[in-house]
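Written out below as structure tokens is the structure these notes cover.
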There are 4 protein chains.
Amino acid sequence: MSDIKKVVLAYSGGLDTSVIVRWLQETYNCEVVTFTADLGQGEEVEPARAKAEALGVKEIYIDDLREEFVRDFVFPMFRANTVYEGEYLLGTSIARPLISKRLIEIANETGADAISHGATGKGNDQVRFELGAYALKPGVTVIAPWREWDLTSRETLMAYCEEHDIPVDFSTSKKKSPYSMDANLLHISYEGGVLEEPWAEAEDDMWRWSVSPETAPDEPTYIELTYTNGDITAIDGVELSPATILENLNTIGGANGIGRLDIVENRFVGMKARGCYETPGGTIMLKAHRAIESITLDREAAHLKDELMPRYAKLIYNGFWWSEERKMLQQMIDYSQRNVNGDVRLKLYKGNVVVVGRRSDDSLFDESIATFEDDAGSYDQKDAEGFIKLNALRMRIAAGKGRNLLED
Amino acid sequence: MSDIKKVVLAYSGGLDTSVIVRWLQETYNCEVVTFTADLGQGEEVEPARAKAEALGVKEIYIDDLREEFVRDFVFPMFRANTVYEGEYLLGTSIARPLISKRLIEIANETGADAISHGATGKGNDQVRFELGAYALKPGVTVIAPWREWDLTSRETLMAYCEEHDIPVDFSTSKKKSPYSMDANLLHISYEGGVLEEPWAEAEDDMWRWSVSPETAPDEPTYIELTYTNGDITAIDGVELSPATILENLNTIGGANGIGRLDIVENRFVGMKARGCYETPGGTIMLKAHRAIESITLDREAAHLKDELMPRYAKLIYNGFWWSEERKMLQQMIDYSQRNVNGDVRLKLYKGNVVVVGRRSDDSLFDESIATFEDDAGSYDQKDAEGFIKLNALRMRIAAGKGRNLLED
Amino acid sequence: MSDIKKVVLAYSGGLDTSVIVRWLQETYNCEVVTFTADLGQGEEVEPARAKAEALGVKEIYIDDLREEFVRDFVFPMFRANTVYEGEYLLGTSIARPLISKRLIEIANETGADAISHGATGKGNDQVRFELGAYALKPGVTVIAPWREWDLTSRETLMAYCEEHDIPVDFSTSKKKSPYSMDANLLHISYEGGVLEEPWAEAEDDMWRWSVSPETAPDEPTYIELTYTNGDITAIDGVELSPATILENLNTIGGANGIGRLDIVENRFVGMKARGCYETPGGTIMLKAHRAIESITLDREAAHLKDELMPRYAKLIYNGFWWSEERKMLQQMIDYSQRNVNGDVRLKLYKGNVVVVGRRSDDSLFDESIATFEDDAGSYDQKDAEGFIKLNALRMRIAAGKGRNLLED
Amino acid sequence: MSDIKKVVLAYSGGLDTSVIVRWLQETYNCEVVTFTADLGQGEEVEPARAKAEALGVKEIYIDDLREEFVRDFVFPMFRANTVYEGEYLLGTSIARPLISKRLIEIANETGADAISHGATGKGNDQVRFELGAYALKPGVTVIAPWREWDLTSRETLMAYCEEHDIPVDFSTSKKKSPYSMDANLLHISYEGGVLEEPWAEAEDDMWRWSVSPETAPDEPTYIELTYTNGDITAIDGVELSPATILENLNTIGGANGIGRLDIVENRFVGMKARGCYETPGGTIMLKAHRAIESITLDREAAHLKDELMPRYAKLIYNGFWWSEERKMLQQMIDYSQRNVNGDVRLKLYKGNVVVVGRRSDDSLFDESIATFEDDAGSYDQKDAEGFIKLNALRMRIAAGKGRNLLED
């Protein structure tokens, strides 16, 4: 093949990436470095060490990236009220650039000339991993086994395991699911299986992080979130780290049946795909962030953000986190958040996130002007006449010159 | 004053607009024509006739506009998945252009030279009414009593009633609420009162159209909506007229605690204002329309719509329905809907609208390509490599020329 | 190889595509159908027949597509004032979808299962040809010899010619240029050679369609263009067909040194490339179209078009003419042109296109309002006060609440 | 009237604003502070002192704002390649926020409670002055005499002068023109007079800053501009201050017949207006800035800027310089310029600005990849196949499922 000497692999410790370790060693006759990240997926990462060792891996990286993940990726994304195609909170997408970054850092530390991952050739993740890798280390070689090998069925894969002494119990519990899943602190996703039929309702026992609205408590839960420069810094008055905040919101949200989503989405590679997602904390965060912005953000600032959001979301979905255009948008978004401070009070109840209060020392809500009562001259209603007349002028001229604005 | 001969008034039959009838007659010494529309606000409109007659009005128009409202205004708006500021479904905004249109038609029929309305000088509705009026009849005079008169407190208004023999029971039940309200088939809104404090939770007995999620049934309701060219044409297989569809969805949605919203929004005239809304049917329609589009709309068509939606929403919110730019966007949106056909199945439960299935003869979902199983060559995974490499090329070149895409 | 039976080739009659004919016959052992289009490139297309016959081609298509090209591609594009990256008038890009369309039509007529073209693997044209082909005939096979064969130098190509009895004088005059060129009624382009150094000035004898401003006449030329629904329909009062109009404008423009451009542009495949272009007629059309729109188009309609134009231009540049999103934008653009009627008077002088007059029966220019003289009450200057105050309100509130809008 | 104590007037020293001084003193019985700015309009500002003194003004401000104007307003605007409605370089618009800023600073220094200006009620300048003033001092009173007084004809104005002992030779030379004019370092503008008829060609002796292309030299002038972070910092290798750079470019450009423009534009207040502009230096700067960006800016960064530019231009045109949304866009734009460094070589000839070279140490132009010659493996042409196939996939699926992308 080529002359790859050492490759860093994004290694989950599961069966598929264990096969990849061996396959890389054999196919490329190269050293494999494994990298396993704790992004809050809810499974132990430390067991990956022994498995990697068993496969003869000498350089093993196991990192807890939870705080970095939430602080530098999830929170910046939520500053933009980011939603892909009106629904998806980008739980998988936003984790990929961080993994790419670590893969490349480790490649640089270990002198590796290639990176590898276990994403298939049909999905978005291969794109996200590889765009990140190429952006951060342009000369790197990327090995995507699923695009190369012939182990394309469960049977051939199992045969390979047997032939190469890979213990099948490397398969993690997660993989016993009929679904293709991905999890991190922001969400867990489900694809494949019965979901491949868009008319079929998702099975109730598929969901892992949340109770159903039906089985959620009959009493609502109230929480108060404190924002500083657009990020949540405290829950119910208690200051917490970013990852801890998201963990707590996942717990509270999941307990109240919040954050389930079932959609058909458009992949960057060109096909439509059905996906189910649980994003309890993120669903709360989106609602709450809009609420704190509603009193602290200038109208046109908010509208500019809203108009650019779909584009920003698409960049993240498509894997362009490290691109210049994403960074330009981020500059604008982050700047807009300097007065997004204050508290939001929420009621959580059986799948519903209801904003019941918002307050801020930086509020732009002016009760003296907005009131239906006497405003003591804060606002001169007669100003509205001129405002309307000049806003109408271009239409009045057009109609006056004979254009029919009703039927034209 | 000026030489107004006849004025058409948007007349609800309530106390405020009854006062306006008399005030116009006295102040402008002119004939008043009343126009009362049934937009599905849930109150009888026929009683307005006797009240207008009692005020000496000779030309009285009472129109049932429900079908036109839903068919020509609500449905076109929902084709765009329209939401203002991420939350508001524009229930009040979308009714105004129709009222303007009828005011002007009646002015033309009756030879009136002016129109009048009961909206205040602080709100958006004055803008919407008047932009519509000026666009459709550029030489019309608009009389906005709330911007002119000195009846700015309840006391002065009552004194005026007494002085001018206006029966105070003209006050409709709706007006006894502490809130300023507006209703039509799409929604009912609440402003003022305790809502003027954004930290205060809305009182539970304020809401009129929906039960709370807490009191909604413990069993979910399933419905199936059929779409034709982006509009709902049948519920559970039964073809219905547009207004009937929205009425039915309001009933079903309201019974399941769906569609309550509590926000602070940015008015066109420049201030922030708190508003609460009940939009049961609209909330269902938004979710379902996205679902049917998710399988029938091309990806980039969907993204283009998403990027332009905030702008389209703003045009409607600000009152520019009859503007050239709104009509241009509508051309584009309507064109995009020609294949948006099929069925969406929904589960409604205690405030939640859950999509549980979508299908279409015009579906672009390609199971043979999307599958995790063997795709029999429908998709060549190796194509992804070139796709990624060329998408990465500009970043690889930049990094290769020394730019640090990580820290720059 | 594969089992291709018949392939339709976009055939210029030049050396490169003649080699491709033979290479396809040999490599794929298949029938080759040639298609040669007259798009106004300024070279005879009929000679291609004999050359194709000499190569053993039995089905030979030679089409005059000039009117279709201008009417259905160039004119619609100019309705949007389309410019890529602020400079490029898309002369090559806009011809490609028409060629794709004919390739596929001919493939359908002749029962061919593949199409082929002579574009290289580095450029945009391969993308444009192939996106068009796949969109119009999804199962078609595309053969791009430059991406497949090993004839990658002039030497190997010449050796192949000798070996396969391809007369080297098949090389057209155009190809003797040191530049890679492409021409059609809209423009002629130059790439390669000394242009590969962006600091090097283009040589004066490179340009073929226009005189230099220095050698253009010392007297200006005045012309008057008449627009109907956004398209030019007459020059100096004489109605002409679309292609004739563009031919005439090329002649007049070229004689006055108009339309030369020298840029570095960003290709869809990811690299920057230097290109020089002569677009005499197009340069005139762009300026004139903006002028007629300036008096006939509503302000916000014009601004909406301006904001979406870069995106529309990019779609054409990238080859997405047949995509849903381009068609959606076209719907909007075409609708906006229904009142874009009238005359524009231009002065052409040594590279300059100067608008010296515009008039229209559909003009929205209202002299009685715009005048600095007495306007007899057409416009009430006092309206401006309210207009300004409410436009300022959100900033006044922000500043009033302590935000420093100067330094913040 | 109201209880205004002291008002700061934007005072040109001309007849109109001299009348305003007296009118303010009389009408409001208040102290007038005059502020006269040198923005490079080409007239002495110092004579305004004696005139103000003669009118009894005690606090007189005369400031040279040229460097601040170019550095903090003109240059930032040109970083965005800003053009309003495809043509106008915003010469007047960009000066207004600086004048507002100084008016408010002086109001704060002198304890004034009002500001005043000489702009009419029909134009954009009143909006720009007043939006700026309200943003920076929300409680300020604005007095716009042209909207208030009855001196609406030349005759009544002259009568007022006579009556109030205002020497008519206060009229500056500029005002003897039949045109309404405005000048600063970026441009000079002409409105009114024969220009009110859009079909009438502008008279040749109207133009003041440039020779016509016809009378410009027969030999071209070559210049080299050096960019640092998107701003010009040197001409022909000589480092110069911002204002000096613009002055020099005006001189060179004007001598070569560059920068004349004749358009009909859409005013914020709702009408169309004819304007002629001379912007010699700005015209050069726009062309050169695009050229340096063409080799140093990432493709998608450039496209994002292009798509947002019309909106940014509109904000400046409409007077929203101090708004949050303009500042957000500026953050993004400025960030994008950090690698926009290098040299642009230009040929100026009889109205033409021709880019003949661009180079940069931060260039992203990769000759080894772009070349038509052997690229030694820098680029694998086979990558293009996968790139195209996946870009085509959504269209192939649509067509494969029966959609007719040609005629649909």
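Numbering starts fresh at 1 for the residues of each chain in the structure tokens, the chains themselves are lettered A, B, ... in the order given, and ligands are numbered from 1 as they appear.
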
Considering only C-alpha atoms, return as a PyMOL selection string whatever protein or nucleic-acid residues lie within 8 Å of Gly86 (chain A), sequence-local ones (same chain, fewer than 2 positions apart) excluded. (chain A and resi 83-84+88) or (chain B and resi 290+306)

Expected file: the selected residues, N, CA, C and O atoms, as a PDB file, in the first residue's frame:
ATOM      1  N   VAL A  83     -29.916  25.565  15.249  1.00  0.00           N
ATOM      2  CA  VAL A  83     -30.765  24.426  14.934  1.00  0.00           C
ATOM      3  C   VAL A  83     -30.606  24.124  13.453  1.00  0.00           C
ATOM      4  O   VAL A  83     -30.691  25.025  12.626  1.00  0.00           O
ATOM      5  N   TYR A  84     -30.383  22.865  13.140  1.00  0.00           N
ATOM      6  CA  TYR A  84     -30.259  22.463  11.724  1.00  0.00           C
ATOM      7  C   TYR A  84     -31.618  22.017  11.208  1.00  0.00           C
ATOM      8  O   TYR A  84     -32.286  21.186  11.832  1.00  0.00           O
ATOM      9  N   TYR A  88     -32.894  19.923  14.442  1.00  0.00           N
ATOM     10  CA  TYR A  88     -31.798  19.125  15.007  1.00  0.00           C
ATOM     11  C   TYR A  88     -30.770  20.005  15.735  1.00  0.00           C
ATOM     12  O   TYR A  88     -30.260  20.979  15.182  1.00  0.00           O
TER      13      TYR A  88
ATOM     14  N   ARG B 290     -43.100  20.938   8.491  1.00  0.00           N
ATOM     15  CA  ARG B 290     -41.661  20.601   8.432  1.00  0.00           C
ATOM     16  C   ARG B 290     -41.469  19.110   8.157  1.00  0.00           C
ATOM     17  O   ARG B 290     -40.558  18.716   7.430  1.00  0.00           O
ATOM     18  N   ASP B 306     -35.238  28.147   4.738  1.00  0.00           N
ATOM     19  CA  ASP B 306     -34.899  28.416   6.141  1.00  0.00           C
ATOM     20  C   ASP B 306     -34.144  29.733   6.300  1.00  0.00           C
ATOM     21  O   ASP B 306     -34.359  30.471   7.256  1.00  0.00           O
TER      22      ASP B 306
END

Those of region 297-362 of chain B in DSSP strand (DSSP E or B), formatted as a PDB file with C-alpha atoms, in the first residue's frame:
ATOM      1  CA  GLY B 342     -48.222  13.264   1.399  1.00  0.00           C
ATOM      2  CA  ASP B 343     -49.202  12.343   4.916  1.00  0.00           C
ATOM      3  CA  VAL B 344     -47.863  13.132   8.355  1.00  0.00           C
ATOM      4  CA  ARG B 345     -48.862  11.170  11.409  1.00  0.00           C
ATOM      5  CA  LEU B 346     -48.724  12.954  14.739  1.00  0.00           C
ATOM      6  CA  LYS B 347     -49.049  12.093  18.363  1.00  0.00           C
ATOM      7  CA  LEU B 348     -50.491  14.852  20.547  1.00  0.00           C
ATOM      8  CA  TYR B 349     -49.984  14.561  24.267  1.00  0.00           C
ATOM      9  CA  ASN B 352     -46.282  17.832  22.925  1.00  0.00           C
ATOM     10  CA  VAL B 353     -46.612  17.502  19.160  1.00  0.00           C
ATOM     11  CA  VAL B 354     -44.602  14.462  18.114  1.00  0.00           C
ATOM     12  CA  VAL B 355     -44.099  13.388  14.529  1.00  0.00           C
ATOM     13  CA  VAL B 356     -44.384   9.619  14.391  1.00  0.00           C
ATOM     14  CA  GLY B 357     -44.534   9.046  10.655  1.00  0.00           C
ATOM     15  CA  ARG B 358     -44.337  10.720   7.244  1.00  0.00           C
ATOM     16  CA  ARG B 359     -44.883   9.270   3.786  1.00  0.00           C
TER      17      ARG B 359
END

Could you go through region 112-321 of chain C and tell me which residues DSSP, when run on the backbone, assigns to helix (DSSP H, G or I), listing them as a short mmCIF file (atom, residue, chain, number, x, y, z; two decimals) with C-alpha atoms, in the first residue's frame?
data_model
loop_
_atom_site.label_atom_id
_atom_site.label_comp_id
_atom_site.auth_asym_id
_atom_site.auth_seq_id
_atom_site.Cartn_x
_atom_site.Cartn_y
_atom_site.Cartn_z
CA ASP C 125 -16.45 22.94 -16.29
CA GLN C 126 -16.32 19.24 -15.52
CA VAL C 127 -18.56 19.96 -12.54
CA ARG C 128 -20.99 22.01 -14.56
CA PHE C 129 -21.23 19.45 -17.37
CA GLU C 130 -21.65 16.53 -15.05
CA LEU C 131 -24.05 18.07 -12.54
CA GLY C 132 -26.26 18.94 -15.49
CA ALA C 133 -25.99 15.46 -16.95
CA TYR C 134 -26.75 13.68 -13.68
CA ALA C 135 -29.68 15.99 -12.96
CA LEU C 136 -31.29 15.38 -16.34
CA PRO C 145 -10.96 11.38 -20.26
CA TRP C 146 -8.72 14.01 -18.68
CA ARG C 147 -9.35 12.42 -15.30
CA GLU C 148 -8.72 8.93 -16.63
CA ARG C 154 1.52 17.69 -25.00
CA GLU C 155 4.12 15.07 -25.96
CA THR C 156 2.08 12.04 -25.02
CA LEU C 157 -0.94 13.56 -26.72
CA MET C 158 0.99 14.13 -29.94
CA ALA C 159 2.38 10.62 -29.79
CA TYR C 160 -1.15 9.31 -29.45
CA CYS C 161 -2.22 11.33 -32.51
CA GLU C 162 0.57 9.92 -34.59
CA GLU C 163 -0.07 6.41 -33.45
CA VAL C 168 -2.60 17.28 -36.05
CA ASP C 169 -4.09 20.13 -38.07
CA PHE C 170 -7.32 19.23 -36.34
CA SER C 173 -6.34 28.22 -34.65
CA LYS C 174 -7.60 28.98 -31.20
CA LYS C 175 -5.52 26.27 -29.67
CA LYS C 176 -2.32 27.74 -31.00
CA GLY C 193 0.46 30.69 -19.69
CA VAL C 194 1.89 33.86 -18.18
CA LEU C 195 -1.42 34.44 -16.40
CA GLU C 196 -0.44 31.79 -13.88
CA ASP C 204 -1.83 43.23 -24.88
CA ASP C 205 -2.02 40.88 -27.84
CA MET C 206 -3.83 38.25 -25.83
CA PRO C 213 -9.29 51.61 -24.38
CA GLU C 214 -6.15 53.30 -25.71
CA THR C 215 -6.89 52.36 -29.31
CA PRO C 242 -31.87 38.00 -28.19
CA ALA C 243 -28.78 36.61 -29.92
CA THR C 244 -28.69 39.48 -32.37
CA ILE C 245 -28.87 41.96 -29.53
CA LEU C 246 -25.93 40.39 -27.79
CA GLU C 247 -23.95 40.17 -31.04
CA ASN C 248 -24.55 43.84 -31.71
CA LEU C 249 -23.61 44.86 -28.19
CA ASN C 250 -20.43 42.80 -28.46
CA THR C 251 -19.53 44.61 -31.63
CA ILE C 252 -20.28 48.08 -30.29
CA GLY C 253 -18.72 47.36 -26.92
CA GLY C 254 -15.62 45.72 -28.32
CA ALA C 255 -15.06 48.64 -30.66
CA PRO C 280 -18.23 43.61 -24.13
CA GLY C 281 -21.95 43.15 -24.55
CA GLY C 282 -22.44 41.72 -21.07
CA THR C 283 -20.67 44.65 -19.46
CA ILE C 284 -23.05 47.01 -21.20
CA MET C 285 -26.05 44.89 -20.28
CA LEU C 286 -25.20 44.81 -16.59
CA LYS C 287 -24.89 48.56 -16.35
CA ALA C 288 -28.02 49.21 -18.38
CA HIS C 289 -30.15 46.71 -16.52
CA ARG C 290 -29.32 48.28 -13.18
CA ALA C 291 -30.28 51.64 -14.69
CA ILE C 292 -33.69 50.54 -15.92
CA GLU C 293 -34.33 48.82 -12.60
CA SER C 294 -33.33 51.98 -10.76
CA ILE C 295 -36.51 53.71 -11.90
CA THR C 296 -38.92 50.78 -12.21
CA ARG C 299 -36.60 49.69 -3.28
CA GLU C 300 -36.96 46.59 -1.18
CA ALA C 301 -37.41 44.40 -4.23
CA ALA C 302 -34.11 45.72 -5.51
CA HIS C 303 -32.42 45.17 -2.17
CA LEU C 304 -33.75 41.63 -1.86
CA LYS C 305 -32.38 40.89 -5.31
CA ASP C 306 -29.03 42.42 -4.38
CA GLU C 307 -28.75 40.35 -1.24
CA LEU C 308 -29.56 37.11 -3.03
CA MET C 309 -27.54 37.80 -6.15
CA PRO C 310 -24.19 36.50 -4.85
CA ARG C 311 -25.85 33.23 -3.97
CA TYR C 312 -27.54 32.98 -7.36
CA ALA C 313 -24.24 33.76 -9.06
CA LYS C 314 -22.50 31.08 -7.05
CA LEU C 315 -25.09 28.50 -8.04
CA ILE C 316 -24.46 29.23 -11.70
CA TYR C 317 -20.70 29.34 -11.24
CA ASN C 318 -20.73 26.02 -9.40
#

Find the residues of chain B in contact range of chain C, meaning any atom within 9 Å when counting only C-alpha atoms, and list them as an NGL selection string. :B and (268-272 or 298-304 or 323-333 or 335-336 or 390-395 or 397)

Taking 6 positions as the minimum chain separation for residues in the same chain, which residues sit within 8 Å of Ala37 (chain C) when counting only C-alpha atoms? Answer as a ChimeraX atom specification. /C:12,45,62-65,99

Could you please determine the separation between CA of Pro220 (chain B) and CA of Gly257 (chain B) in Å, to one decimal place?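 Interatomic distance, CA of Pro220 (chain B) to CA of Gly257 (chain B): 11.1 Å.
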
d(CA of Leu90 (chain A), CA of Ser210 (chain A)) in Å: 17.8 Å

Name all residues at most 9 Å from Gly121 (chain A) (count only C-alpha atoms; drop same-chain ones fewer than 6 positions away) and give them as a VMD selection string. (chain A and resid 127 144 146 to 147) or (chain B and resid 380 to 385)

Output C-alpha atoms for every residue in the selection just made, as a PDB file, in the first residue's frame.
ATOM      1  CA  VAL A 127     -16.643  14.469   6.394  1.00  0.00           C
ATOM      2  CA  ALA A 144     -11.251   5.442   6.415  1.00  0.00           C
ATOM      3  CA  TRP A 146     -15.189   1.497   5.916  1.00  0.00           C
ATOM      4  CA  ARG A 147     -14.521   3.068   2.528  1.00  0.00           C
TER       5      ARG A 147
ATOM      6  CA  ASP B 380     -20.264   4.129  -3.998  1.00  0.00           C
ATOM      7  CA  GLN B 381     -18.618   4.907  -0.668  1.00  0.00           C
ATOM      8  CA  LYS B 382     -15.370   5.686  -2.426  1.00  0.00           C
ATOM      9  CA  ASP B 383     -16.962   8.806  -3.917  1.00  0.00           C
ATOM     10  CA  ALA B 384     -16.833  10.288  -0.451  1.00  0.00           C
ATOM     11  CA  GLU B 385     -13.062  10.501  -0.474  1.00  0.00           C
TER      12      GLU B 385
END

Between CA of Val340 (chain D) and CA of Glu373 (chain D), what distance in Å does the model show, to one decimal?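 A separation of 28.4 Å between them.
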